[in-house]
Amino acid sequence: MIVGCDALSSPTQSQTSYRSHTVQKGETVFSIAKKYNTTGKAIYALNPDARNGIQENGVLVIPAADIINSQSGAVRFVTHKVKRKETLFSISQQYNVSVEDIKRHNKQLYSKQLKKGEKLQIPIAVNNSGTETTTTTETTNSATSDTGKHVVKPKETKFGIARMYGISMAELAELNPNLGENLQIGTTLIVPSEKVTTEASVDTDRFSFYEVLPKEGFYRLKVKLGLTEEQIVAL
């Protein structure tokens with residue numbers, strides 16, 4: 001993405017400064033918005049091409065005014081004991097930090113699922129005056145206003161709904177921890193407020209369904225379907 005110099009160097013016009021973000025593997029606009037404590041809508045406004053999808057190593061313009069910059073002050077940690085039905089997403093909302101920030105300071109979460117009773121170290125940014133910066137009304141509203149509701153329609157799938165809102169299947173599960181394996185028509189889901197595409201049903205002319213057999217691993221699936229492990233996970 002090519003961004004004009006004026007867009008990055010004229011904060012006085014809107015009283016907002018900007019910074020750039022290089023997209024990492026597996027990131028979505030929704031996860032990036034949470035990381036910088038902004039909204040998907042704000043990112044799309046600055047990067048309209050992102051509605052067509054973002055690619056690894058692509059560059060996005062982020063409104064820096066919404067960033068909690070830990071380098072501008074100290075960072076302290078609080079210990080959080082995981083309760084029943086809590087998810088990384090719900091915990092991140094409680095402390096107004098990103099899921100990635102929690103994982104960064106609790107490395108086991110990169111390879112293991114969250115467990116009831118587990119103790120996590122949550123980073124809390126503190127500004128130079130000693131005041132915590134994670135509980136302001138502005139940032140809280142920014143986080144909560146980026147989600148909405150979606151009522152499942154006939155022929156819609158989890159994959160299609162996730163694609164519609166520009167998030168991964170894992171993020172859809174984080175937003176809806178009680179979501180079962182089978183998606184029921186009429187179910188109300190928590191989703192990002194901004195749609196990327198208007199179609200959530202799967203095009204049966206381009207896709208077909210395959211039921212994974214018991215004990216069937218990625219190797220056998222790759223041989224049968226002619227897809228890589230990354231392609232299978234993405235679907």
# chains A, B, ... in the order shown; residues from 1 in each chain; ligands from 1

$ residues_around --residues "range 74-87 of chain A" --least-positions-apart "3" --cutoff "6 Å" --atoms "only C-alpha atoms" --output "list in words"
Ser90, Lys116, Gly117, Glu118, Lys119, Leu120, Gln121, Ile122, Pro123, Ile124, Ala125 and Val126 of chain A

$ write_last_selection --atoms "C-alpha atoms" --output "CSV table (one decimal), in the first residue's frame"
chain,number,residue,atom,x,y,z
A,90,SER,CA,-12.9,-11.4,27.7
A,116,LYS,CA,-9.6,-22.3,34.9
A,117,GLY,CA,-7.5,-21.4,37.9
A,118,GLU,CA,-4.5,-20.4,35.8
A,119,LYS,CA,-2.7,-17.2,36.9
A,120,LEU,CA,-1.8,-14.7,34.3
A,121,GLN,CA,0.4,-11.6,34.4
A,122,ILE,CA,-1.5,-8.7,32.9
A,123,PRO,CA,0.5,-5.6,31.7
A,124,ILE,CA,-1.0,-2.3,32.9
A,125,ALA,CA,0.5,0.8,31.4
A,126,VAL,CA,1.0,3.8,33.7

$ residues_around --residues "Pro192 in chain A" --least-positions-apart "3" --cutoff "8 Å" --atoms "only C-alpha atoms" --output "MDAnalysis selection string"
chainID A and resid 30 40 146:149 165 195

$ write_last_selection --atoms "C-alpha atoms" --output "tab-separated table (two decimals), in the first residue's frame"
chain	number	residue	atom	x	y	z
A	30	PHE	CA	-9.79	-6.89	13.98
A	40	GLY	CA	-11.63	-1.70	12.62
A	146	ASP	CA	-15.95	-2.15	17.73
A	147	THR	CA	-18.29	-5.10	18.26
A	148	GLY	CA	-21.81	-5.76	17.08
A	149	LYS	CA	-24.25	-8.66	16.63
A	165	TYR	CA	-16.21	-9.57	9.30
A	195	LYS	CA	-18.30	-5.85	7.69

$ atom_distance --atom1 "CA of Gly160 in chain A" --atom2 "CA of Val191 in chain A"
12.4 Å

$ closest_residue --among "A:Met164, A:Val151, A:Ala173, A:Val99" --to "Thr187 in chain A" --atoms "only C-alpha atoms"
A:Val151

$ closest_residue --among "A:Gly58, A:Gly226, A:Gly53, A:Gly166" --to "Glu194 in chain A" --atoms "only C-alpha atoms"
A:Gly166

$ atom_distance --atom1 "CA of Tyr110 in chain A" --atom2 "CA of Leu225 in chain A"
28.0 Å

$ select_by_dssp --residues "range 137-198 of chain A" --states "strand (DSSP E)" --output "list in words"
Thr147, Gly148, Lys149, His150, Val151, Thr188, Leu189, Ile190, Val191 and Pro192 of chain A

$ closest_residue --among "A:Pro48, A:Lys34, A:Leu183, A:Glu27" --to "Asn96 in chain A" --atoms "only C-alpha atoms"
A:Lys34

$ atom_distance --atom1 "CA of Ala170 in chain A" --atom2 "CA of Leu88 in chain A"
11.1 Å

$ closest_residue --among "A:His21, A:Lys158, A:His105, A:Arg163" --to "Asn182 in chain A" --atoms "only C-alpha atoms"
A:Lys158

$ residues_around --residues "Ser20 in chain A" --least-positions-apart "3" --cutoff "7 Å" --atoms "only C-alpha atoms" --output "PyMOL selection string"
chain A and resi 59-62
